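Engineer: Following this line is my_file07.txt, made up of compact mmCIF, C-alpha atoms:
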```
# COMPACT_ATOMS: atom_id res chain seq x y z
CA MET U 25 -20.38 -53.52 36.88
CA ASN U 26 -19.96 -55.79 39.92
CA LYS U 27 -17.18 -58.33 39.46
CA LYS U 28 -19.44 -61.27 40.38
CA LEU U 29 -22.02 -60.23 37.80
CA LEU U 30 -19.34 -59.69 35.17
CA ILE U 31 -17.96 -63.18 35.71
CA LEU U 32 -21.46 -64.71 35.55
CA ILE U 33 -22.50 -62.89 32.39
CA VAL U 34 -19.27 -63.74 30.58
CA SER U 35 -19.38 -67.38 31.61
CA VAL U 36 -23.03 -67.78 30.59
CA LEU U 37 -23.39 -65.79 27.38
CA ALA U 38 -19.92 -66.61 26.10
CA ALA U 39 -19.49 -70.13 27.42
CA GLY U 40 -17.45 -72.12 24.98
CA THR U 41 -16.42 -69.07 22.97
CA VAL U 42 -13.02 -67.59 22.53
CA GLY U 43 -12.30 -64.18 23.91
CA VAL U 44 -13.40 -65.15 27.44
CA ARG U 45 -10.61 -64.07 29.74
CA ALA U 46 -10.59 -64.52 33.49
CA LEU U 47 -10.09 -61.46 35.65
CA PRO U 48 -6.35 -61.09 36.28
CA GLU U 49 -4.77 -61.81 39.61
CA PRO U 50 -3.53 -58.78 41.52
CA GLY U 51 -0.07 -57.68 40.58
CA THR U 52 1.85 -54.71 39.37
CA PRO U 53 0.02 -52.44 36.91
CA ALA U 54 2.33 -53.51 34.10
CA SER U 55 1.52 -57.19 34.65
CA ARG U 56 -2.20 -56.50 34.26
CA ILE U 57 -1.96 -54.88 30.83
CA LYS U 58 -3.40 -57.21 28.20
CA ILE U 59 -3.27 -56.80 24.43
CA TYR U 60 -5.51 -59.09 22.42
CA GLY U 61 -7.86 -59.17 19.46
CA HIS U 62 -10.13 -61.21 17.24
CA SER U 63 -11.50 -61.40 13.73
CA GLU U 64 -14.99 -62.48 12.74
CA VAL U 65 -16.32 -63.42 9.31
CA GLY U 66 -19.91 -64.46 8.66
CA PHE U 67 -22.44 -65.40 6.02
CA THR U 68 -26.25 -65.22 6.13
CA ALA U 69 -28.16 -67.25 3.55
CA ASN U 70 -31.64 -65.96 2.75
CA PRO U 71 -33.57 -68.38 0.50
CA GLY U 72 -35.99 -65.55 -0.35
CA SER U 73 -33.14 -63.85 -2.27
CA PRO U 74 -34.42 -60.28 -1.81
CA LYS U 75 -33.49 -58.03 -4.72
CA ASP U 76 -32.32 -55.29 -2.36
CA HIS U 77 -29.91 -57.79 -0.73
CA GLN U 78 -31.18 -56.79 2.72
CA ASN U 79 -32.26 -58.94 5.64
CA PHE U 80 -34.87 -56.59 7.04
CA GLY U 81 -34.62 -55.70 10.73
CA ARG U 82 -31.00 -56.79 11.01
CA LEU U 83 -27.90 -54.66 11.44
CA PHE U 84 -24.67 -56.63 11.85
CA ASP U 85 -26.01 -59.43 9.60
CA ASP U 86 -28.01 -57.15 7.28
CA ARG U 87 -26.61 -58.35 3.95
CA SER U 88 -28.25 -61.42 2.41
CA ASN U 89 -26.22 -64.11 0.61
CA GLU U 90 -23.01 -62.12 0.97
CA PRO U 91 -19.85 -62.93 2.96
CA MET U 92 -19.01 -60.33 5.59
CA LEU U 93 -15.88 -59.30 7.46
CA ASN U 94 -17.81 -58.25 10.51
CA GLN U 95 -15.08 -57.44 12.98
CA LEU U 96 -11.33 -57.14 13.21
CA THR U 97 -10.54 -55.79 16.66
CA TYR U 98 -7.48 -54.95 18.70
CA THR U 99 -7.77 -54.25 22.41
CA ALA U 100 -5.38 -52.89 25.01
CA GLU U 101 -6.72 -53.17 28.53
CA GLN U 102 -5.75 -52.97 32.16
CA THR U 103 -8.59 -54.20 34.36
CA LEU U 104 -9.07 -53.03 37.91
CA ASP U 105 -7.64 -55.26 40.62
CA PRO U 106 -10.73 -57.07 42.00
CA LYS U 107 -9.06 -57.29 45.42
CA ALA U 108 -7.86 -53.70 45.61
CA THR U 109 -8.44 -52.07 49.00
CA GLY U 110 -6.99 -48.69 48.05
CA PHE U 111 -6.89 -46.54 44.95
CA ASP U 112 -6.45 -48.44 41.68
CA TRP U 113 -6.69 -47.57 38.02
CA GLY U 114 -7.19 -49.23 34.67
CA PHE U 115 -8.12 -48.44 31.10
CA LYS U 116 -9.52 -49.92 27.93
CA LEU U 117 -8.91 -49.01 24.30
CA GLN U 118 -10.60 -51.11 21.63
CA GLY U 119 -10.49 -50.39 17.91
CA MET U 120 -12.53 -52.12 15.22
CA TYR U 121 -12.44 -52.44 11.46
CA GLY U 122 -15.24 -54.19 9.62
CA SER U 123 -18.83 -54.05 8.43
CA ASP U 124 -20.24 -53.85 11.98
CA ALA U 125 -18.60 -50.47 12.49
CA ARG U 126 -21.19 -48.87 10.16
CA PHE U 127 -23.82 -49.15 12.85
CA ILE U 128 -21.93 -48.37 16.06
CA HIS U 129 -20.41 -45.00 15.09
CA SER U 130 -20.89 -42.21 17.60
CA THR U 131 -21.28 -38.63 16.47
CA GLY U 132 -18.03 -36.73 16.10
CA LEU U 133 -15.73 -39.78 16.25
CA LEU U 134 -14.82 -41.55 12.99
CA ASP U 135 -18.39 -41.01 11.78
CA ARG U 136 -17.29 -39.61 8.42
CA THR U 137 -14.89 -42.36 7.39
CA GLY U 138 -16.35 -43.02 3.97
CA LYS U 139 -19.18 -44.89 2.29
CA ASN U 140 -17.59 -48.33 2.11
CA LEU U 141 -18.98 -51.47 3.68
CA LEU U 142 -15.86 -51.87 5.83
CA GLN U 143 -15.18 -48.98 8.17
CA PRO U 144 -13.05 -48.22 11.26
CA ASP U 145 -14.33 -47.24 14.68
CA VAL U 146 -13.21 -46.82 18.28
CA VAL U 147 -15.51 -49.09 20.27
CA GLU U 148 -14.28 -48.09 23.72
CA ALA U 149 -11.71 -45.65 25.07
CA TYR U 150 -11.97 -45.00 28.78
CA LEU U 151 -10.04 -44.58 32.01
CA ASN U 152 -11.25 -46.66 34.96
CA LEU U 153 -10.60 -45.45 38.51
CA HIS U 154 -11.26 -47.24 41.81
CA PHE U 155 -11.70 -45.34 45.06
CA PRO U 156 -12.12 -46.80 48.56
CA VAL U 157 -15.20 -45.15 50.11
CA ASP U 158 -16.38 -45.50 53.68
CA GLY U 159 -19.86 -46.97 54.00
CA THR U 160 -19.49 -49.25 50.97
CA THR U 161 -18.21 -52.81 50.88
CA GLY U 162 -16.40 -52.48 47.55
CA GLY U 163 -15.74 -48.78 47.05
CA VAL U 164 -16.59 -46.84 43.92
CA ASP U 165 -15.40 -47.39 40.33
CA VAL U 166 -15.52 -44.45 37.92
CA LYS U 167 -15.27 -44.79 34.13
CA VAL U 168 -14.48 -41.67 32.12
CA GLY U 169 -14.50 -41.69 28.32
CA LYS U 170 -16.31 -43.69 25.67
CA MET U 171 -17.89 -46.94 26.85
CA VAL U 172 -20.46 -49.50 25.73
CA THR U 173 -23.92 -49.34 27.27
CA LEU U 174 -25.04 -51.11 30.44
CA GLU U 175 -28.22 -52.22 28.70
CA GLY U 176 -29.14 -55.49 27.04
CA ALA U 177 -28.20 -59.15 27.11
CA GLU U 178 -26.07 -58.88 23.94
CA VAL U 179 -22.94 -56.84 23.22
CA ILE U 180 -21.03 -55.35 20.29
CA ASP U 181 -17.96 -57.55 20.76
CA ASN U 182 -19.12 -60.79 19.15
CA THR U 183 -17.04 -62.98 21.52
CA GLY U 184 -19.55 -62.09 24.25
CA ASN U 185 -22.61 -63.43 22.40
CA ILE U 186 -24.02 -66.88 21.76
CA PHE U 187 -25.50 -66.07 18.32
CA TYR U 188 -24.25 -64.40 15.16
CA SER U 189 -27.53 -62.52 14.60
CA HIS U 190 -28.93 -60.06 17.13
CA THR U 191 -32.31 -59.36 18.68
CA TYR U 192 -34.60 -56.48 17.80
CA ILE U 193 -33.91 -55.31 21.35
CA PHE U 194 -30.17 -55.07 20.66
CA ASN U 195 -30.60 -53.46 17.25
CA PHE U 196 -33.35 -50.95 18.06
CA GLY U 197 -34.24 -50.96 21.76
CA ILE U 198 -30.97 -50.01 23.48
CA PRO U 199 -28.02 -47.67 22.86
CA PHE U 200 -24.70 -49.02 21.58
CA ASN U 201 -22.36 -46.65 23.40
CA HIS U 202 -22.01 -43.51 25.47
CA THR U 203 -19.37 -40.87 26.14
CA GLY U 204 -19.23 -39.40 29.61
CA ALA U 205 -18.68 -40.56 33.18
CA LEU U 206 -20.21 -43.54 34.98
CA ALA U 207 -19.81 -44.32 38.68
CA THR U 208 -20.46 -47.82 40.02
CA ILE U 209 -21.08 -47.82 43.76
CA HIS U 210 -20.44 -51.25 45.28
CA ALA U 211 -22.87 -50.59 48.12
CA THR U 212 -22.86 -54.15 49.47
CA LYS U 213 -21.46 -57.43 48.25
CA ASP U 214 -24.86 -58.16 46.67
CA PHE U 215 -25.95 -54.72 45.45
CA ASP U 216 -24.47 -52.11 43.09
CA VAL U 217 -25.76 -48.72 41.99
CA MET U 218 -24.62 -47.14 38.69
CA LEU U 219 -24.98 -43.39 38.10
CA GLY U 220 -23.69 -41.57 35.05
CA VAL U 221 -23.86 -38.52 32.83
CA THR U 222 -23.39 -38.94 29.06
CA ARG U 223 -23.60 -36.82 25.93
CA GLY U 224 -26.43 -39.03 24.66
CA VAL U 225 -27.09 -42.21 22.71
CA ASN U 226 -24.17 -43.07 20.40
CA THR U 227 -22.74 -39.57 20.90
CA SER U 228 -19.08 -38.65 21.36
CA LEU U 229 -17.21 -35.51 20.40
CA LYS U 230 -20.23 -33.76 18.85
CA ASP U 231 -23.69 -33.78 20.39
CA ASN U 232 -26.65 -33.48 18.03
CA ASN U 233 -28.49 -31.29 20.55
CA ASP U 234 -25.86 -30.14 23.08
CA LYS U 235 -27.65 -31.44 26.17
CA VAL U 236 -26.48 -34.21 28.51
CA ALA U 237 -28.36 -37.39 29.38
CA PHE U 238 -28.53 -39.79 32.34
CA HIS U 239 -27.33 -43.39 32.26
CA GLY U 240 -27.44 -45.78 35.20
CA GLY U 241 -29.08 -48.68 36.94
CA ILE U 242 -28.92 -51.18 39.76
CA THR U 243 -27.42 -54.66 39.95
CA PHE U 244 -28.13 -57.67 42.13
CA PRO U 245 -25.28 -60.01 41.18
CA SER U 246 -25.85 -62.93 43.53
CA LEU U 247 -29.46 -63.74 44.36
CA ALA U 248 -30.99 -67.18 45.04
CA GLY U 249 -27.81 -68.55 46.50
CA GLY U 250 -25.69 -67.21 43.68
CA LYS U 251 -27.82 -68.72 40.91
CA LEU U 252 -29.61 -65.50 39.86
CA ALA U 253 -28.22 -62.17 38.70
CA ILE U 254 -30.32 -59.14 37.74
CA ILE U 255 -29.32 -55.84 36.18
CA ALA U 256 -31.87 -53.07 35.56
CA SER U 257 -30.62 -50.11 33.53
CA THR U 258 -31.91 -46.94 31.91
CA HIS U 259 -30.83 -44.07 29.69
CA PHE U 260 -32.87 -40.92 29.20
CA GLY U 261 -32.32 -37.51 27.70
CA PRO U 262 -32.99 -35.51 24.51
CA GLU U 263 -31.88 -37.49 21.43
CA THR U 264 -33.57 -35.70 18.51
CA PRO U 265 -31.15 -33.54 16.49
CA GLY U 266 -31.52 -29.87 17.41
CA ASN U 267 -34.10 -30.59 20.13
CA ASN U 268 -33.14 -30.08 23.80
CA LYS U 269 -36.65 -30.46 25.19
CA ASP U 270 -38.16 -33.81 24.21
CA TYR U 271 -36.73 -36.90 25.88
CA ARG U 272 -36.16 -40.47 24.79
CA TYR U 273 -36.26 -43.20 27.44
CA LEU U 274 -34.49 -46.53 26.90
CA ASN U 275 -35.01 -49.10 29.66
CA ASP U 276 -33.82 -52.68 29.99
CA LEU U 277 -33.76 -55.49 32.53
CA VAL U 278 -31.67 -58.66 32.23
CA ALA U 279 -32.11 -61.68 34.52
CA ILE U 280 -29.69 -64.62 34.34
CA TYR U 281 -30.61 -67.83 36.17
CA LYS U 282 -28.38 -70.87 36.46
CA VAL U 283 -30.96 -73.66 36.23
CA SER U 284 -28.31 -76.36 36.54
CA ASP U 285 -24.62 -76.85 35.92
CA LYS U 286 -25.38 -77.22 32.21
CA LEU U 287 -28.56 -75.19 31.62
CA THR U 288 -28.83 -71.40 31.90
CA SER U 289 -31.82 -69.14 31.29
CA THR U 290 -31.44 -65.46 30.33
CA THR U 291 -34.39 -63.09 30.07
CA ASP U 292 -34.16 -59.61 28.50
CA LEU U 293 -37.07 -57.18 29.02
CA ASN U 294 -37.08 -53.90 27.09
CA TYR U 295 -39.13 -50.69 26.87
CA ILE U 296 -38.33 -47.54 24.86
CA HIS U 297 -40.31 -44.30 24.45
CA ASP U 298 -39.72 -41.12 22.46
CA ASP U 299 -41.59 -37.98 23.60
CA LEU U 300 -41.36 -36.05 20.33
CA ALA U 301 -42.52 -38.89 18.07
CA LYS U 302 -44.89 -40.20 20.76
CA ALA U 303 -43.50 -43.59 19.82
CA LYS U 304 -42.88 -46.61 21.98
CA GLY U 305 -41.39 -50.05 21.53
CA TYR U 306 -41.31 -52.96 23.93
CA GLY U 307 -40.68 -56.66 24.11
CA VAL U 308 -38.91 -59.62 25.61
CA ALA U 309 -36.19 -62.02 24.50
CA GLN U 310 -35.70 -65.38 26.19
CA TYR U 311 -32.48 -67.40 25.87
CA PHE U 312 -31.57 -70.93 26.90
CA THR U 313 -28.02 -72.23 26.76
CA TYR U 314 -27.22 -75.91 27.31
CA MET U 315 -23.64 -77.09 27.65
CA ILE U 316 -23.36 -80.36 25.72
CA ASP U 317 -19.68 -80.75 26.53
CA LYS U 318 -16.64 -78.53 27.05
CA THR U 319 -16.52 -77.54 23.39
CA VAL U 320 -20.18 -77.39 22.27
CA ASN U 321 -23.18 -75.43 23.54
CA ALA U 322 -26.72 -75.66 22.19
CA ASN U 323 -28.49 -72.28 22.15
CA PHE U 324 -32.09 -71.15 21.76
CA ARG U 325 -33.59 -67.67 21.61
CA GLY U 326 -37.16 -66.50 21.23
CA GLU U 327 -38.23 -62.87 20.98
CA ILE U 328 -41.34 -60.73 20.62
CA TRP U 329 -40.84 -56.99 20.09
CA ARG U 330 -43.54 -54.44 19.31
CA ASP U 331 -42.74 -51.33 17.26
CA ASN U 332 -45.94 -49.64 18.32
CA ASN U 333 -45.68 -46.64 15.99
CA GLY U 334 -43.42 -47.92 13.20
CA PHE U 335 -40.67 -45.59 14.46
CA TYR U 336 -37.74 -47.83 15.36
CA VAL U 337 -37.27 -50.96 13.25
CA ALA U 338 -35.76 -50.44 9.80
CA GLN U 339 -33.17 -51.50 7.25
CA PHE U 340 -30.42 -49.22 5.94
CA GLY U 341 -29.53 -49.65 2.28
CA ASN U 342 -26.68 -47.13 2.37
CA ASN U 343 -23.67 -47.64 4.61
CA THR U 344 -23.94 -44.09 5.99
CA ASP U 345 -27.70 -43.57 6.30
CA LEU U 346 -27.95 -44.51 9.98
CA ILE U 347 -25.23 -42.14 11.18
CA ARG U 348 -26.67 -39.37 9.00
CA PHE U 349 -30.04 -39.76 10.72
CA LEU U 350 -28.28 -39.68 14.08
CA ARG U 351 -26.39 -36.48 13.23
CA GLY U 352 -29.48 -34.81 11.80
CA ASP U 353 -27.99 -34.33 8.33
CA THR U 354 -30.09 -33.08 5.44
CA PHE U 355 -29.88 -35.80 2.81
CA THR U 356 -31.85 -38.15 0.59
CA PRO U 357 -31.82 -41.68 2.02
CA ASP U 358 -31.14 -44.70 -0.15
CA PRO U 359 -34.41 -46.12 -1.58
CA ARG U 360 -33.62 -49.36 0.23
CA THR U 361 -33.60 -47.53 3.59
CA LEU U 362 -37.09 -48.00 4.94
CA GLY U 363 -39.09 -48.98 8.02
CA GLY U 364 -41.42 -51.83 8.72
CA GLY U 365 -44.47 -49.89 9.85
CA VAL U 366 -46.51 -50.65 12.94
CA THR U 367 -45.46 -54.25 13.53
CA THR U 368 -45.18 -56.86 16.24
CA TYR U 369 -42.07 -58.87 15.40
CA GLY U 370 -41.51 -62.47 16.40
CA ALA U 371 -38.23 -64.34 16.00
CA LEU U 372 -36.99 -67.84 16.84
CA THR U 373 -33.29 -68.71 16.65
CA ALA U 374 -31.52 -72.02 17.29
CA GLY U 375 -27.83 -72.66 16.99
CA LEU U 376 -24.59 -74.08 18.30
CA THR U 377 -21.42 -72.59 19.72
CA TRP U 378 -18.55 -74.90 18.80
CA LYS U 379 -15.09 -74.25 20.12
CA ALA U 380 -13.12 -75.99 17.38
CA THR U 381 -9.74 -75.04 18.87
CA ASP U 382 -8.53 -72.78 21.66
CA ALA U 383 -8.58 -69.91 19.18
CA ILE U 384 -11.37 -70.73 16.70
CA VAL U 385 -15.13 -70.74 17.36
CA LEU U 386 -17.96 -71.47 14.89
CA ARG U 387 -21.60 -70.48 15.46
CA PRO U 388 -24.10 -71.94 12.97
CA GLU U 389 -27.72 -70.83 13.41
CA LEU U 390 -31.19 -71.10 11.91
CA ARG U 391 -33.59 -68.19 12.36
CA TYR U 392 -37.23 -67.50 11.55
CA ASP U 393 -38.65 -63.96 11.69
CA THR U 394 -42.31 -63.11 11.27
CA SER U 395 -44.80 -60.27 11.54
CA LEU U 396 -47.40 -61.28 14.11
CA ASN U 397 -49.93 -58.70 12.94
CA GLY U 398 -49.87 -59.33 9.19
CA THR U 399 -47.58 -56.57 7.91
CA ARG U 400 -45.03 -57.41 5.19
CA PRO U 401 -41.66 -55.87 6.10
CA PHE U 402 -39.42 -58.72 4.90
CA ASN U 403 -37.76 -59.60 1.59
CA ASP U 404 -38.33 -56.48 -0.53
CA SER U 405 -41.33 -55.54 1.68
CA LYS U 406 -43.31 -58.42 0.16
CA ARG U 407 -43.32 -61.11 2.85
CA LYS U 408 -44.62 -61.33 6.39
CA ASN U 409 -41.91 -63.81 7.32
CA MET U 410 -38.24 -64.48 6.63
CA PHE U 411 -36.05 -67.54 7.09
CA THR U 412 -32.25 -67.31 7.29
CA ALA U 413 -29.40 -69.76 7.87
CA ALA U 414 -26.10 -68.30 8.98
CA VAL U 415 -22.67 -69.14 10.31
CA ASP U 416 -19.78 -67.07 11.56
CA VAL U 417 -16.21 -67.96 12.44
CA THR U 418 -14.18 -66.13 15.07
CA TRP U 419 -10.41 -66.34 15.45
CA SER U 420 -8.99 -64.86 18.63
CA PHE U 421 -5.37 -63.91 19.08
```
As a first step, turn the structure in this file into structure tokens.
Structural biologist:
Amino acid sequence: MNKKLLILIVSVLAAGTVGVRALPEPGTPASRIKIYGHSEVGFTANPGSPKDHQNFGRLFDDRSNEPMLNQLTYTAEQTLDPKATGFDWGFKLQGMYGSDARFIHSTGLLDRTGKNLLQPDVVEAYLNLHFPVDGTTGGVDVKVGKMVTLEGAEVIDNTGNIFYSHTYIFNFGIPFNHTGALATIHATKDFDVMLGVTRGVNTSLKDNNDKVAFHGGITFPSLAGGKLAIIASTHFGPETPGNNKDYRYLNDLVAIYKVSDKLTSTTDLNYIHDDLAKAKGYGVAQYFTYMIDKTVNANFRGEIWRDNNGFYVAQFGNNTDLIRFLRGDTFTPDPRTLGGGVTTYGALTAGLTWKATDAIVLRPELRYDTSLNGTRPFNDSKRKNMFTAAVDVTWSF
């Protein structure tokens, strides 16, 4: 990803949060190695008190009225020198332990670590290489290994988000990670092209169909005088277990506009289609972030997402059901694992990001979810709407 875009996205979506680290100044490789981590605990109150203890349509905050250790991460990283004119190299290795790991497992890598709520995972493990290339202004960067997706306005690492809860787009409309190779061509100072080959969506050492997929996109990091950044990304390839023929297409576009020094708008457009199921999903999420002062941001998010065939949105009552579906296992799902049917989902979220200290951040939020076409997917499949109040606390070290 272009350095300008990376700086803008981090400063906007994580403004006021811990875990935001400036790109290092050039120096010896040893001086650029950083080791850091964070822990996140959260709680989501659901006044509807569903008997199955599930907040339908949620993943990382899926448990109602139950404290969660979402993430305990450790990261070792050497970023590329942003001013390198010759060959340079870097790497990233990030491990996680917590309840969030249940949903980000990739096939063949720590995907059989037990049935407990808290599980381990390797979020990223890649080598990053920079090559000077004639005809480009910034050369070419090549990642090889396991990496998070290019898609979406939200990320797995909670220090890069403004809310505790996630959108339907993040949960069901984009991949979480890929394993393969991704080249970023810095064609001009204002235009990047990303081209990659992966083993598939959330796939690592074992592929559920043994056929590669494409991942890539284009980036305009500095439009409108530096106020607007756009990244359009896609991933397509066979994703159904044992099926090398039928493709799934996951497409996303994120536009970040700096309205003023204090107000930022972020728009996330999403479209997904599965050939075999003949199923599509699509929608938009709109964010506004207003910087009240150096320690407090006010955040708003609205989303509409259509599960046109009832194929994507679900809840998972068992801690291993999702990865079993991904692998193509033969098993009996938990009775609490179910979908929401053909539904147009609407969600409104308002909250604060409060940097209490240099190391501690709190994010309280209020959220309202509803079915816009009258289905009843929420609270034991009895309600067409759901209200939640949540807070998480992150400590970075």
Engineer: Counting all atoms listed in the file, which residue out of U:Pro91, U:Gly334, U:Gly169, U:Gly184 sits closest to U:His202?
Structural biologist: U:Gly169
Engineer: Work out how far apart atom CA of U:Met92 and atom CA of U:Pro388 are and give it in Å to one decimal.
Structural biologist: 14.7 Å
Engineer: Considering all atoms listed in the file, state which residue in the set U:Lys116, U:Arg82, U:Arg223, U:Arg56 is at the smallest distance from U:Phe194.
Structural biologist: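 When distances to U:Phe194 are compared using all atoms listed in the file, the smallest one comes from U:Arg82.
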Engineer: At a cut-off of 6 Å, using only C-alpha atoms, what residues contact U:Gly261? Leave out same-chain residues fewer than 3 positions from it and give the result as a PyMOL selection string.
Structural biologist: chain U and resi 237+271-272
Engineer: Given all atoms listed in the file as the basis, pick out the residue of U:Thr68, U:Asn342, U:Asn332, U:Asn79 nearest to U:Arg387.
Structural biologist: U:Thr68
Engineer: Using the file's own x, y and z axes, so that the box edges lie along x, y and z, what centre and edge lengths in Å (one decimal) does a box around every listed atom of stretch 180-187 of chain U get when 5 Å is added on each side? Give it as AutoDock Vina command-line options.
Structural biologist:
```
--center_x -21.3 --center_y -61.1 --center_z 21.3 --size_x 18.5 --size_y 21.5 --size_z 15.9
```
Engineer: How close does each residue of stretch 319-352 of chain U get to stretch 278-287 of chain U, giving the shortest atom pair and distance in Å to one decimal for every residue with an atom at most 10 Å away, counting only C-alpha atoms, sorted by chain and residue number, as a tab-separated table?
Structural biologist:
```
residue	atom	partner	partner_atom	distance
U:Asn321	CA	U:Lys286	CA	9.1
U:Ala322	CA	U:Leu287	CA	9.6
U:Asn323	CA	U:Leu287	CA	9.9
```
Engineer: Calculated over only C-alpha atoms, which of the candidates U:Asn195, U:Gln339, U:Ser189, U:Thr319 has the smallest distance to U:Gly363?
Structural biologist: U:Gln339
Engineer: Please rebuild stretch 116-127 of chain U with N, CA and C atoms and give the result as a PDB file, keeping the file's coordinate frame.
Structural biologist:
```pdb
ATOM      1  N   LYS U 116      -9.219 -49.053  29.052  1.00  0.00           N
ATOM      2  CA  LYS U 116      -9.520 -49.920  27.930  1.00  0.00           C
ATOM      3  C   LYS U 116      -9.547 -49.097  26.657  1.00  0.00           C
ATOM      4  N   LEU U 117      -8.890 -49.619  25.633  1.00  0.00           N
ATOM      5  CA  LEU U 117      -8.910 -49.010  24.300  1.00  0.00           C
ATOM      6  C   LEU U 117      -9.141 -50.125  23.301  1.00  0.00           C
ATOM      7  N   GLN U 118     -10.274 -50.077  22.611  1.00  0.00           N
ATOM      8  CA  GLN U 118     -10.600 -51.110  21.630  1.00  0.00           C
ATOM      9  C   GLN U 118     -10.950 -50.460  20.295  1.00  0.00           C
ATOM     10  N   GLY U 119     -10.220 -50.855  19.261  1.00  0.00           N
ATOM     11  CA  GLY U 119     -10.490 -50.390  17.910  1.00  0.00           C
ATOM     12  C   GLY U 119     -11.060 -51.501  17.064  1.00  0.00           C
ATOM     13  N   MET U 120     -11.884 -51.141  16.099  1.00  0.00           N
ATOM     14  CA  MET U 120     -12.530 -52.120  15.220  1.00  0.00           C
ATOM     15  C   MET U 120     -12.451 -51.661  13.782  1.00  0.00           C
ATOM     16  N   TYR U 121     -12.298 -52.648  12.892  1.00  0.00           N
ATOM     17  CA  TYR U 121     -12.440 -52.440  11.460  1.00  0.00           C
ATOM     18  C   TYR U 121     -13.342 -53.533  10.927  1.00  0.00           C
ATOM     19  N   GLY U 122     -14.359 -53.169  10.165  1.00  0.00           N
ATOM     20  CA  GLY U 122     -15.240 -54.190   9.620  1.00  0.00           C
ATOM     21  C   GLY U 122     -16.605 -53.615   9.283  1.00  0.00           C
ATOM     22  N   SER U 123     -17.499 -54.497   8.844  1.00  0.00           N
ATOM     23  CA  SER U 123     -18.830 -54.050   8.430  1.00  0.00           C
ATOM     24  C   SER U 123     -19.701 -53.646   9.623  1.00  0.00           C
ATOM     25  N   ASP U 124     -19.443 -54.211  10.812  1.00  0.00           N
ATOM     26  CA  ASP U 124     -20.240 -53.850  11.980  1.00  0.00           C
ATOM     27  C   ASP U 124     -20.058 -52.400  12.389  1.00  0.00           C
ATOM     28  N   ALA U 125     -18.897 -51.836  12.061  1.00  0.00           N
ATOM     29  CA  ALA U 125     -18.600 -50.470  12.490  1.00  0.00           C
ATOM     30  C   ALA U 125     -19.571 -49.451  11.897  1.00  0.00           C
ATOM     31  N   ARG U 126     -20.220 -49.793  10.766  1.00  0.00           N
ATOM     32  CA  ARG U 126     -21.190 -48.870  10.160  1.00  0.00           C
ATOM     33  C   ARG U 126     -22.290 -48.459  11.110  1.00  0.00           C
ATOM     34  N   PHE U 127     -22.641 -49.360  12.027  1.00  0.00           N
ATOM     35  CA  PHE U 127     -23.820 -49.150  12.850  1.00  0.00           C
ATOM     36  C   PHE U 127     -23.517 -48.715  14.277  1.00  0.00           C
TER      37      PHE U 127
END
```
